[in-house]
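Heads up, structure.txt below (compact mmCIF, C-alpha atoms):
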```
# COMPACT_ATOMS: atom_id res chain seq x y z
CA MET V 197 71.63 97.00 130.02
CA ALA V 198 75.07 97.54 131.56
CA LEU V 199 78.05 96.13 129.72
CA SER V 200 80.14 93.50 131.48
CA PRO V 201 83.76 94.40 132.40
CA PHE V 202 84.98 91.87 129.81
CA VAL V 203 83.03 93.56 126.99
CA ILE V 204 84.26 96.97 128.15
CA PHE V 205 87.82 95.65 127.99
CA LEU V 206 87.33 94.31 124.46
CA LEU V 207 85.87 97.61 123.23
CA ALA V 208 88.70 99.53 124.91
CA SER V 209 91.27 97.23 123.26
CA LEU V 210 89.71 97.82 119.85
CA LEU V 211 89.65 101.58 120.39
CA CYS V 212 93.29 101.64 121.52
CA SER V 213 94.30 99.52 118.52
CA ILE V 214 92.57 101.90 116.11
CA ILE V 215 94.15 104.95 117.77
CA THR V 216 97.72 103.59 117.68
CA VAL V 217 97.44 102.33 114.08
CA ARG V 218 95.40 105.12 112.46
CA LEU V 219 96.60 108.19 114.35
CA PHE V 220 100.15 107.22 115.31
CA LYS V 221 101.01 104.71 112.53
CA TYR V 222 102.30 102.09 114.96
CA ASP V 223 102.42 99.46 112.20
CA LEU V 224 104.48 101.60 109.81
CA ARG V 225 106.98 102.23 112.59
CA PHE V 226 107.43 98.79 114.12
CA ASP V 227 105.91 96.09 111.89
CA ARG V 228 108.76 94.76 109.74
CA THR V 229 106.48 92.41 107.79
CA ILE V 230 104.83 95.28 105.90
CA ASP V 231 105.40 95.41 102.13
CA PRO V 232 105.40 99.13 101.20
CA GLU V 233 104.14 98.52 97.66
CA TYR V 234 101.23 96.34 98.78
CA TYR V 235 100.40 98.72 101.63
CA ALA V 236 100.31 101.66 99.23
CA GLN V 237 98.01 99.84 96.79
CA PHE V 238 95.57 98.56 99.44
CA PRO V 239 95.83 100.90 102.45
CA GLY V 240 92.37 100.08 103.82
CA ILE V 241 92.99 96.33 103.90
CA ASN V 242 96.43 96.75 105.43
CA ARG V 243 95.29 99.18 108.11
CA ALA V 244 92.45 96.81 109.04
CA THR V 245 94.93 93.91 109.22
CA SER V 246 97.30 95.97 111.34
CA THR V 247 94.44 96.90 113.68
CA VAL V 248 93.53 93.22 114.17
CA LYS V 249 97.19 92.35 114.81
CA GLN V 250 97.41 95.17 117.34
CA LEU V 251 94.17 94.01 119.00
CA ILE V 252 95.56 90.49 119.42
CA ARG V 253 98.83 91.91 120.74
CA TYR V 254 97.03 94.05 123.31
CA PHE V 255 94.80 91.18 124.44
CA ILE V 256 97.67 88.75 124.99
CA LEU V 257 100.01 91.26 126.67
CA THR V 258 97.25 92.68 128.88
CA PHE V 259 96.02 89.23 129.92
CA ILE V 260 99.52 88.16 131.00
CA LEU V 261 100.39 91.41 132.77
CA THR V 262 97.02 91.59 134.53
CA PHE V 263 97.39 88.01 135.76
CA LEU V 264 100.79 88.91 137.23
CA ALA V 265 99.44 92.18 138.68
CA VAL V 266 96.54 90.44 140.45
CA TYR V 267 98.91 87.82 141.84
CA ALA V 268 101.28 90.53 143.12
CA TRP V 269 98.40 92.57 144.60
CA ASN V 270 97.03 89.62 146.54
CA HIS V 271 100.51 88.66 147.73
CA PHE V 272 101.09 92.08 149.32
CA ALA V 273 97.48 92.46 150.43
CA GLU V 274 97.99 89.73 153.00
CA THR V 275 100.55 91.85 154.87
CA THR V 276 99.27 95.37 154.16
CA GLY V 277 95.58 94.87 154.74
CA TRP V 278 94.54 95.73 151.18
CA THR V 279 91.32 94.29 149.80
CA LEU V 280 91.98 90.96 148.10
CA LEU V 281 91.10 90.67 144.43
CA GLN V 282 89.38 87.60 143.05
CA PRO V 283 92.25 85.43 141.74
CA LEU V 284 92.35 83.97 138.26
CA GLU V 285 92.12 80.17 138.43
CA LEU V 286 93.78 78.47 135.47
CA THR V 287 93.29 74.90 136.73
CA PRO V 288 90.81 73.80 135.64
CA PHE V 289 90.68 76.36 132.84
CA LYS V 290 87.11 77.58 132.26
CA TRP V 291 86.81 80.56 129.94
CA SER V 292 83.19 81.18 130.96
CA ALA V 293 84.32 81.64 134.56
CA ILE V 294 87.22 83.93 133.59
CA ILE V 295 84.90 86.24 131.64
CA LYS V 296 82.79 86.83 134.77
CA LEU V 297 85.73 88.13 136.85
CA LYS V 298 84.98 91.83 137.41
CA ASP V 299 88.10 92.96 139.27
CA PHE V 300 90.37 91.18 136.80
CA TRP V 301 88.94 92.92 133.71
CA TYR V 302 88.77 96.33 135.38
CA MET V 303 92.45 96.02 136.20
CA ALA V 304 93.03 94.81 132.62
CA CYS V 305 91.56 98.10 131.39
CA ALA V 306 94.09 99.99 133.53
CA VAL V 307 96.97 97.86 132.20
CA LEU V 308 95.69 98.40 128.64
CA ALA V 309 95.72 102.18 129.14
CA PHE V 310 99.30 101.96 130.41
CA LEU V 311 100.41 99.89 127.37
CA THR V 312 98.70 102.30 124.98
CA ILE V 313 100.43 105.31 126.52
CA ILE V 314 103.79 103.53 126.22
CA ASP V 315 103.10 102.72 122.53
CA ILE V 316 102.10 106.32 121.79
CA LEU V 317 105.30 107.60 123.41
CA ARG V 318 107.33 105.11 121.36
CA CYS V 319 105.63 106.37 118.21
CA LEU V 320 106.39 109.98 119.08
CA VAL V 321 110.14 109.32 119.31
CA SER V 322 110.39 106.80 116.45
CA PRO V 323 109.93 108.02 112.86
CA VAL V 324 108.00 106.01 110.29
CA ARG V 325 110.23 103.16 109.08
CA THR V 326 108.22 102.44 105.93
CA ASP V 327 108.07 105.67 103.93
CA ILE V 328 104.40 105.81 102.94
CA THR V 329 103.03 109.35 102.80
CA GLY V 330 99.51 110.67 103.32
CA ARG V 331 98.93 110.01 99.61
CA TRP V 332 99.86 106.38 100.22
CA GLY V 333 103.09 105.75 98.38
CA HIS V 334 103.53 109.06 96.56
CA TRP V 335 106.79 111.02 96.43
CA ASP V 336 107.61 114.56 95.42
CA VAL V 337 110.72 113.53 93.50
CA PHE V 338 112.67 110.47 92.31
CA ILE V 339 116.47 110.83 92.05
CA SER V 340 118.31 108.73 89.44
CA TYR V 341 122.11 108.52 89.46
CA LYS V 342 125.14 106.30 88.79
CA SER V 343 126.92 104.93 91.84
CA GLU V 344 130.14 106.86 91.10
CA ASP V 345 128.11 110.07 91.44
CA VAL V 346 126.33 109.05 94.62
CA GLY V 347 128.13 111.70 96.68
CA ILE V 348 126.49 114.52 94.70
CA ALA V 349 123.14 112.70 94.56
CA ARG V 350 123.17 112.15 98.32
CA GLN V 351 123.78 115.82 99.06
CA VAL V 352 120.89 116.81 96.79
CA ALA V 353 118.62 114.19 98.39
CA ASP V 354 119.58 115.17 101.95
CA GLN V 355 119.00 118.86 101.22
CA LEU V 356 115.54 118.16 99.78
CA LEU V 357 114.69 115.89 102.74
CA ALA V 358 115.86 118.63 105.11
CA SER V 359 113.39 120.93 103.35
CA GLY V 360 110.47 118.63 104.20
CA LEU V 361 110.05 117.05 100.75
CA LYS V 362 109.21 113.38 100.13
CA VAL V 363 112.25 112.09 98.25
CA TRP V 364 112.66 108.67 96.64
CA PHE V 365 116.41 108.09 96.97
CA GLY V 366 117.73 104.56 96.65
CA GLU V 367 119.99 104.65 99.70
CA TYR V 368 117.05 105.49 101.98
CA GLN V 369 114.29 103.59 100.20
CA VAL V 370 115.86 100.22 99.36
CA LEU V 371 116.89 99.16 102.86
CA LEU V 372 118.49 96.03 104.25
CA GLN V 373 115.18 94.34 105.05
CA ASN V 374 113.60 94.60 101.58
CA TYR V 375 116.67 94.41 99.36
CA ASP V 376 115.26 91.42 97.46
CA GLN V 377 112.58 93.76 96.05
CA PHE V 378 115.15 96.24 94.74
CA GLN V 379 113.86 96.62 91.16
CA GLN V 380 110.19 96.44 92.13
CA ALA V 381 110.73 99.22 94.67
CA ILE V 382 112.48 101.39 92.05
CA ASP V 383 109.69 100.88 89.51
CA PHE V 384 107.08 101.68 92.15
CA GLY V 385 108.94 104.85 93.14
CA ILE V 386 109.13 106.10 89.54
CA ASP V 387 105.45 105.37 88.92
CA ASN V 388 104.44 107.33 92.04
CA CYS V 389 106.48 110.52 91.86
CA ASP V 390 105.67 114.06 90.68
CA TRP V 391 109.18 115.02 89.57
CA GLY V 392 112.35 113.29 88.46
CA ILE V 393 115.99 114.38 88.83
CA ALA V 394 118.59 112.59 86.70
CA LEU V 395 122.33 113.12 87.22
CA THR V 396 123.59 112.19 83.76
CA ASN V 397 126.91 111.62 82.01
CA ASP V 398 128.36 108.97 79.73
CA ARG V 399 128.85 106.39 82.49
CA TYR V 400 125.21 106.94 83.52
CA THR V 401 124.08 106.01 80.01
CA ARG V 402 126.35 102.96 79.90
CA SER V 403 124.59 101.50 82.95
CA PRO V 404 121.62 99.28 82.01
CA TYR V 405 119.99 100.04 85.38
CA CYS V 406 120.20 103.81 84.85
CA CYS V 407 118.88 103.45 81.29
CA THR V 408 115.88 101.55 82.63
CA GLU V 409 115.22 104.30 85.18
CA ILE V 410 115.43 107.23 82.75
CA SER V 411 113.31 105.40 80.17
CA ARG V 412 110.60 104.80 82.75
CA LEU V 413 110.81 108.40 83.98
CA LEU V 414 110.41 109.71 80.42
CA GLN V 415 107.36 107.49 79.98
CA HIS V 416 105.77 108.45 83.29
CA LEU V 417 106.41 112.22 83.55
CA PRO V 418 106.09 115.16 81.15
CA PRO V 419 109.46 116.56 80.00
CA GLN V 420 109.14 119.74 82.09
CA HIS V 421 108.96 117.59 85.25
CA ILE V 422 112.25 115.79 84.59
CA LEU V 423 115.29 117.84 85.63
CA GLU V 424 118.59 116.82 84.06
CA ILE V 425 121.81 117.69 85.87
CA MET V 426 124.69 117.07 83.47
CA ILE V 427 127.93 116.10 85.24
CA PRO V 428 130.00 116.91 83.24
CA ALA V 429 128.44 118.80 80.33
CA GLN V 430 130.92 117.79 77.62
CA GLU V 431 129.70 114.17 77.64
CA GLN V 432 126.74 113.98 75.24
CA LEU V 433 125.98 110.25 75.15
CA PRO V 434 122.78 110.64 77.26
CA HIS V 435 121.18 112.95 74.65
CA GLN V 436 122.28 110.72 71.81
CA LYS V 437 120.59 107.70 73.36
CA PHE V 438 117.60 109.52 74.91
CA GLN V 439 116.69 112.36 72.56
CA ALA V 440 113.64 113.26 74.68
CA LEU V 441 116.04 114.64 77.33
CA ALA V 442 116.59 117.64 75.04
CA ASN V 443 113.09 118.82 75.99
CA CYS V 444 113.79 118.61 79.73
CA PRO V 445 115.13 121.53 81.84
CA ALA V 446 118.87 121.04 82.31
CA TYR V 447 121.65 122.30 84.56
CA ILE V 448 125.33 121.99 83.65
CA GLY V 449 128.00 121.36 86.28
CA THR V 450 128.57 119.97 89.77
CA ASP V 451 128.20 123.17 91.80
CA LEU V 452 125.81 122.13 94.58
CA PRO V 453 124.37 125.60 95.40
CA GLY V 454 123.76 126.09 91.69
CA MET V 455 122.00 122.72 91.42
CA LEU V 456 119.73 123.48 94.35
CA ALA V 457 118.92 126.95 92.99
CA PHE V 458 118.06 125.37 89.62
CA ILE V 459 115.80 122.78 91.26
CA ALA V 460 114.05 125.45 93.35
CA GLN V 461 113.52 127.65 90.29
CA GLN V 462 112.00 124.84 88.22
CA THR V 463 109.81 123.33 90.93
CA GLY V 464 108.92 126.29 93.16
CA TRP V 465 110.10 124.37 96.25
CA GLN V 466 111.46 126.24 99.26
CA ILE V 467 114.84 124.55 99.76
CA GLN V 468 116.83 125.04 102.95
CA PRO V 469 120.11 126.98 102.57
CA LEU V 470 123.17 124.76 102.36
CA LEU V 471 125.33 124.67 105.48
CA PRO V 472 129.10 125.05 104.87
CA GLU V 473 131.20 121.89 105.16
CA VAL V 474 133.82 123.77 107.19
CA VAL V 475 133.26 126.90 109.28
CA ALA V 476 136.78 127.41 110.68
CA SER V 477 139.10 129.51 108.51
CA GLN V 478 142.22 127.45 109.22
CA PRO V 479 142.51 123.63 109.17
CA ARG V 480 143.45 121.93 112.45
CA PHE V 481 144.69 118.37 112.04
CA HIS V 482 144.48 115.73 114.75
CA GLU V 483 147.06 112.94 114.51
CA PHE V 484 146.62 109.45 115.98
CA MET V 485 148.29 106.05 115.66
CA VAL V 486 146.88 103.12 113.69
CA LEU V 487 148.78 99.83 113.47
CA GLY V 488 151.99 101.64 114.34
CA ARG V 489 151.52 104.34 111.69
CA PRO V 490 150.21 107.94 112.08
CA ALA V 491 146.89 108.99 110.52
CA THR V 492 145.19 112.40 110.60
CA LEU V 493 141.74 114.03 110.56
CA ASP V 494 140.89 117.66 109.92
CA ALA V 495 139.17 118.56 113.22
CA SER V 496 138.81 122.28 112.49
CA ASP V 497 135.17 122.47 113.62
CA TRP V 498 135.37 119.72 116.21
CA GLU V 499 136.33 119.72 119.89
CA LEU V 500 138.33 116.72 121.10
CA SER V 501 136.50 115.12 124.04
CA GLU V 502 138.38 111.80 124.27
CA SER V 503 141.90 111.32 122.92
CA GLY V 504 142.00 107.60 123.68
CA ARG V 505 145.10 105.65 124.50
CA VAL V 506 147.55 103.78 122.33
CA GLN V 507 147.50 100.00 122.70
CA ASN V 508 149.62 97.77 120.47
CA GLY V 509 150.33 100.70 118.17
CA THR V 510 146.66 101.73 117.71
CA THR V 511 144.59 104.43 119.43
CA ASP V 512 141.58 102.59 120.88
CA LEU V 513 138.98 105.41 120.91
CA ILE V 514 138.80 109.05 119.81
CA ALA V 515 135.74 111.26 120.38
CA PHE V 516 134.83 114.74 119.14
CA ASN V 517 131.94 117.19 119.68
CA TYR V 518 130.80 119.56 116.95
CA PHE V 519 131.39 123.21 117.85
CA HIS V 520 128.58 124.95 116.02
CA ARG V 521 124.81 125.46 116.40
CA ARG V 522 124.69 123.75 119.79
CA ASP V 523 121.56 125.71 120.67
CA GLN V 524 119.68 123.88 117.90
CA TYR V 525 121.03 120.33 118.07
CA ARG V 526 124.02 118.27 119.16
CA MET V 527 126.41 116.29 116.98
CA LEU V 528 129.29 114.10 118.12
CA VAL V 529 131.46 111.33 116.71
CA ASN V 530 133.50 108.38 117.97
CA VAL V 531 136.36 106.93 115.93
CA VAL V 532 137.56 103.35 116.42
CA CYS V 533 140.32 101.90 114.27
CA GLY V 534 142.43 98.78 113.89
CA ARG V 535 142.81 95.73 111.69
CA GLU V 536 140.22 95.02 108.99
CA TYR V 537 137.17 93.61 110.76
CA ALA V 538 135.66 91.50 107.97
CA ARG V 539 136.22 90.87 104.28
CA GLU V 540 132.64 90.28 103.10
CA GLY V 541 132.56 93.73 101.51
CA GLN V 542 135.54 92.96 99.19
CA ARG V 543 135.97 96.70 98.92
CA GLN V 544 139.25 96.49 97.06
CA ASN V 545 137.49 94.73 94.15
CA GLN V 546 136.36 97.62 91.97
CA THR V 547 135.18 95.45 89.04
CA SER V 548 131.71 94.83 90.52
CA ASP V 549 128.73 96.66 89.05
CA ASP V 550 126.39 98.84 91.12
CA ARG V 551 124.05 96.11 92.32
CA GLN V 552 126.84 93.62 93.07
CA MET V 553 128.80 96.19 95.08
CA TYR V 554 125.65 97.18 96.98
CA ALA V 555 124.96 93.53 97.81
CA LEU V 556 128.54 92.98 99.02
CA LEU V 557 128.44 96.03 101.24
CA ARG V 558 125.05 94.96 102.56
CA ALA V 559 126.54 91.63 103.66
CA HIS V 560 129.37 93.48 105.39
CA ALA V 561 126.90 95.85 107.06
CA GLN V 562 125.15 92.95 108.78
CA LYS V 563 128.34 92.36 110.80
CA HIS V 564 128.27 95.90 112.17
CA LEU V 565 124.58 95.81 113.09
CA ALA V 566 124.49 92.31 114.58
CA ALA V 567 124.60 93.59 118.15
CA LEU V 568 122.51 96.75 117.61
CA LYS V 569 118.77 96.83 118.19
CA ALA V 570 118.24 99.82 115.94
CA GLN V 571 115.90 100.98 113.21
CA ILE V 572 117.81 101.06 109.93
CA PHE V 573 116.98 103.91 107.56
CA GLY V 574 119.74 103.87 104.96
CA LEU V 575 122.70 102.01 103.47
CA HIS V 576 125.10 104.44 101.79
CA LEU V 577 127.88 103.84 99.28
CA ILE V 578 130.90 106.02 100.13
CA PHE V 579 133.98 106.58 97.97
CA HIS V 580 137.23 107.32 99.83
CA ASP V 581 140.45 107.60 97.82
CA GLY V 582 138.65 105.90 94.92
CA LEU V 583 137.70 102.82 96.94
CA SER V 584 134.10 101.77 97.71
CA GLN V 585 133.22 102.08 101.39
CA PHE V 586 129.86 102.19 103.17
CA ALA V 587 127.86 103.96 105.85
CA LEU V 588 124.63 103.17 107.70
CA THR V 589 121.91 105.52 108.91
CA TYR V 590 119.90 104.25 111.86
CA ARG V 591 117.98 105.49 114.88
CA MET V 592 118.65 104.17 118.36
CA ARG V 593 117.80 105.36 121.87
CA GLY V 594 116.20 108.58 120.64
CA TYR V 595 119.04 109.87 118.45
CA TRP V 596 120.06 109.58 114.81
CA SER V 597 123.31 107.88 113.94
CA ARG V 598 125.45 107.38 110.86
CA LYS V 599 128.14 104.71 111.06
CA TYR V 600 130.94 104.68 108.46
CA SER V 601 133.29 101.78 107.80
CA ILE V 602 136.39 102.91 105.90
CA ILE V 603 139.06 100.37 104.91
CA ILE V 604 142.23 101.82 103.37
CA PRO V 605 145.73 100.39 102.90
CA ASN V 606 148.77 101.94 104.52
CA PRO V 607 150.86 103.35 101.62
CA VAL V 608 154.12 102.18 103.23
CA THR V 609 153.28 98.70 104.55
CA GLY V 610 150.25 97.90 102.39
CA GLN V 611 148.46 96.64 105.52
CA MET V 612 144.69 97.13 105.51
CA ALA V 613 143.27 99.18 108.38
CA GLU V 614 139.60 99.78 109.18
CA PHE V 615 138.30 103.07 110.58
CA VAL V 616 134.78 103.08 112.04
CA PHE V 617 133.17 106.51 112.52
CA THR V 618 129.95 106.59 114.57
CA PHE V 619 128.15 109.93 114.48
CA GLY V 620 125.40 110.64 116.99
CA PHE V 621 122.91 113.39 116.25
CA ILE V 622 120.28 114.69 118.69
CA GLY V 623 117.69 116.61 116.69
CA THR V 624 114.99 116.16 114.05
CA PHE V 625 115.38 114.07 110.91
CA GLU V 626 115.33 117.26 108.80
CA GLN V 627 118.18 118.72 110.88
CA TYR V 628 120.07 115.44 110.60
CA CYS V 629 119.79 115.52 106.79
CA LEU V 630 120.90 119.17 106.75
CA ASN V 631 124.13 118.16 108.54
CA ALA V 632 124.79 114.79 106.88
CA HIS V 633 127.25 116.24 104.33
CA ILE V 634 129.31 117.65 107.24
CA MET V 635 129.71 114.08 108.50
CA ASP V 636 130.72 112.92 105.01
CA HIS V 637 133.29 115.72 104.78
CA PHE V 638 134.83 114.88 108.17
CA VAL V 639 135.28 111.26 107.12
CA GLN V 640 136.80 112.31 103.78
CA THR V 641 139.57 114.21 105.62
CA LEU V 642 140.93 110.90 106.95
CA GLN V 643 144.38 110.16 105.54
CA TRP V 644 147.65 108.52 106.40
CA ASN V 645 150.27 111.02 107.51
```

How does this structure look as C-alpha cells?
Amino acid sequence: MALSPFVIFLLASLLCSIITVRLFKYDLRFDRTIDPEYYAQFPGINRATSTVKQLIRYFILTFILTFLAVYAWNHFAETTGWTLLQPLELTPFKWSAIIKLKDFWYMACAVLAFLTIIDILRCLVSPVRTDITGRWGHWDVFISYKSEDVGIARQVADQLLASGLKVWFGEYQVLLQNYDQFQQAIDFGIDNCDWGIALTNDRYTRSPYCCTEISRLLQHLPPQHILEIMIPAQEQLPHQKFQALANCPAYIGTDLPGMLAFIAQQTGWQIQPLLPEVVASQPRFHEFMVLGRPATLDASDWELSESGRVQNGTTDLIAFNYFHRRDQYRMLVNVVCGREYAREGQRQNQTSDDRQMYALLRAHAQKHLAALKAQIFGLHLIFHDGLSQFALTYRMRGYWSRKYSIIIPNPVTGQMAEFVFTFGFIGTFEQYCLNAHIMDHFVQTLQWN
C-alpha cells in the first residue's frame, strides 16, 4: 500500500528532526532553554524532547512557507502557462481535505529539505553554545582561582582550550543566560572532571568560594589529579588550612611556560606552544585624543587601517589589523572611546567580593549587547591599572569577537573615559583561544600620555 504524500511529509519531518538534533546538535547550539546540568543527567529524555520540538518547528514553518509558495506559483502560472497547483482552502477549514492535497505535501517535502539544509549549514558555522561533551557533561579539567589572579588562570584555560581539551573555566561556563545557577554549575563541573588545577595563595584561601571549590575537589579527585600552582610560593596559608594539598603535585611561580610544561608533564596532555605577546623587537606607540587629552597604545604588531577623525576632542574610531600569521587566520580590532557609557558596573568600587563584582559587570555587559544578535560564550573580568574592567566573548556573522570595556580616569582632570575594544577573529575556536592573550596584552598597553 502506497503512503500518502502527507504521511511521507511527516516521516521526512521526523527524520530531518532526528538528523539535526542527533548528528548536528541543533538544540545545544540554538535552544536557550536547555539546562546543561539536567541535559547531562538525562540526555535521552532531553534529546527526545528536542526532537519533538524540532518536529513541531519544521511542521509549522513548512506549512506556512508551502502555503505561500503554492500561492506564488499559481499567481505566476496564470501569466507563464505553468500548471496550476491545487490551492489550499482555509475557509472553511477542513483538515481532512487538507491532508488529501497531493501537490501541496510534495512541495512541503521540498521546502522541508531546504529548511533542513539551512539548519545544517547554521550548525556547521555555529559552535555548541551549551558545553556538553560526548560523555555528557564531563570535562578534562576544572580550574579554580581567585578573581585577582584571573589573568593567569585565563591564559592557562585558553591554552588548554586551544589544545583541544574540555576545560571547565568559570568565565566560559557560567554565562549571562544561566548566571542564577552559578554555584550549582560550579558544583556540577567539579563533580564531572578528571583533573583539577588550583591557583593558590593566601587571598585564595581567604575566599569562602575558593575554599568551597578546593574542598570539593579534594573530596572528588585523588591527590595526584589535583595540580596546585602556588602564586606566590612564600604564602603558606593554603597548606595550613588544607593539609591534603601537600600530597598534590605543585608548581611554584607565575611563569606561564613553566606552568604549562608542569601541567603537560603531570597529565600527559599535548599542549600547544605559547605564542609570544609581542613579536616586534621595538615598541611602536600610536597616540590619539580622548576628551581633549592624548592616550597611547603599543601597536608594534598591528597595522593601522583607520586613524579616525577628532570630533569634540575625541578620536571617533581607530582600526588595526594584526600583522602576523595571516595565512592561518585574520585578527583585527576597532577602538571607540569617549565619555563613560554607563555606571552599572561601578568599576571604581573595589570593595565588592568576587560574586558581587561579577554581577555588577554582568549588568553593565547587557548594555553593550542590547543591540547585538550574537551567541555569548564568555564574560571576563579584566584588571587594568588595578581597576576591575570586563570583556565579552561572542560569535556573530561567522567570526569570533572579544569586546573590552575599559574605564579609566584621566590623571590630570580626573574625568572618566571609556575605551571599547572590539576584536574580530576569523578562524577556529582553538585558534581564537591561542591568540586571546595577545588581545589582552594589546588592551593592557592602553595608557594616558

In Å, how far is it from CA of Cys444 in chain V to CA of Gln468 in chain V?
-> 24.3 Å

With a distance cut-off of 10 Å and all atoms listed in the file, select the neighbouring residues of Pro418 in chain V, excluding the residue or stretch itself and same-chain residues fewer than 6 positions from it, and output the selection as a ChimeraX atom specification.
-> /V:390-392,443-444

Please dump the current selection as an mmCIF file, in the coordinates of the input; keep C-alpha atoms.
```cif
data_model
loop_
_atom_site.group_PDB
_atom_site.id
_atom_site.type_symbol
_atom_site.label_atom_id
_atom_site.label_comp_id
_atom_site.auth_asym_id
_atom_site.auth_seq_id
_atom_site.Cartn_x
_atom_site.Cartn_y
_atom_site.Cartn_z
ATOM 1 C CA ASP V 390 105.670 114.060 90.680
ATOM 2 C CA TRP V 391 109.180 115.020 89.570
ATOM 3 C CA GLY V 392 112.350 113.290 88.460
ATOM 4 C CA ASN V 443 113.090 118.820 75.990
ATOM 5 C CA CYS V 444 113.790 118.610 79.730
#
```

Extending 4 Å beyond the listed atoms of range 637-645 of chain V on each side, what axis-aligned box results? I want centre and edge lengths in Å to one decimal, as AutoDock Vina command-line options.
```
--center_x 141.8 --center_y 112.1 --center_z 106.0 --size_x 25.0 --size_y 15.2 --size_z 12.4
```

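Restricting the calculation to all atoms listed in the file, the smallest distance between Gln643 in chain V and any of V:Ile603, V:Leu414, V:Cys389, V:Leu588 is found for V:Ile603.
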
Exercise: Tyr405 in chain V partners within 12 Å, only C-alpha atoms, chain neighbours under 5 positions left out, as JSON, numbers by chain | {"V": [340, 341, 342, 343, 378, 379, 382, 383, 399, 400, 410, 411, 412, 549, 550, 551]}

Point out the residue among V:Ile604, V:Leu219, V:Ile634, V:Ile572 with the least atom-to-atom distance to Trp498 in chain V, counting all atoms listed in the file.
-> V:Ile634

Interatomic distance, CA of Arg318 in chain V to CA of Tyr254 in chain V (Å, one decimal) | 15.2 Å
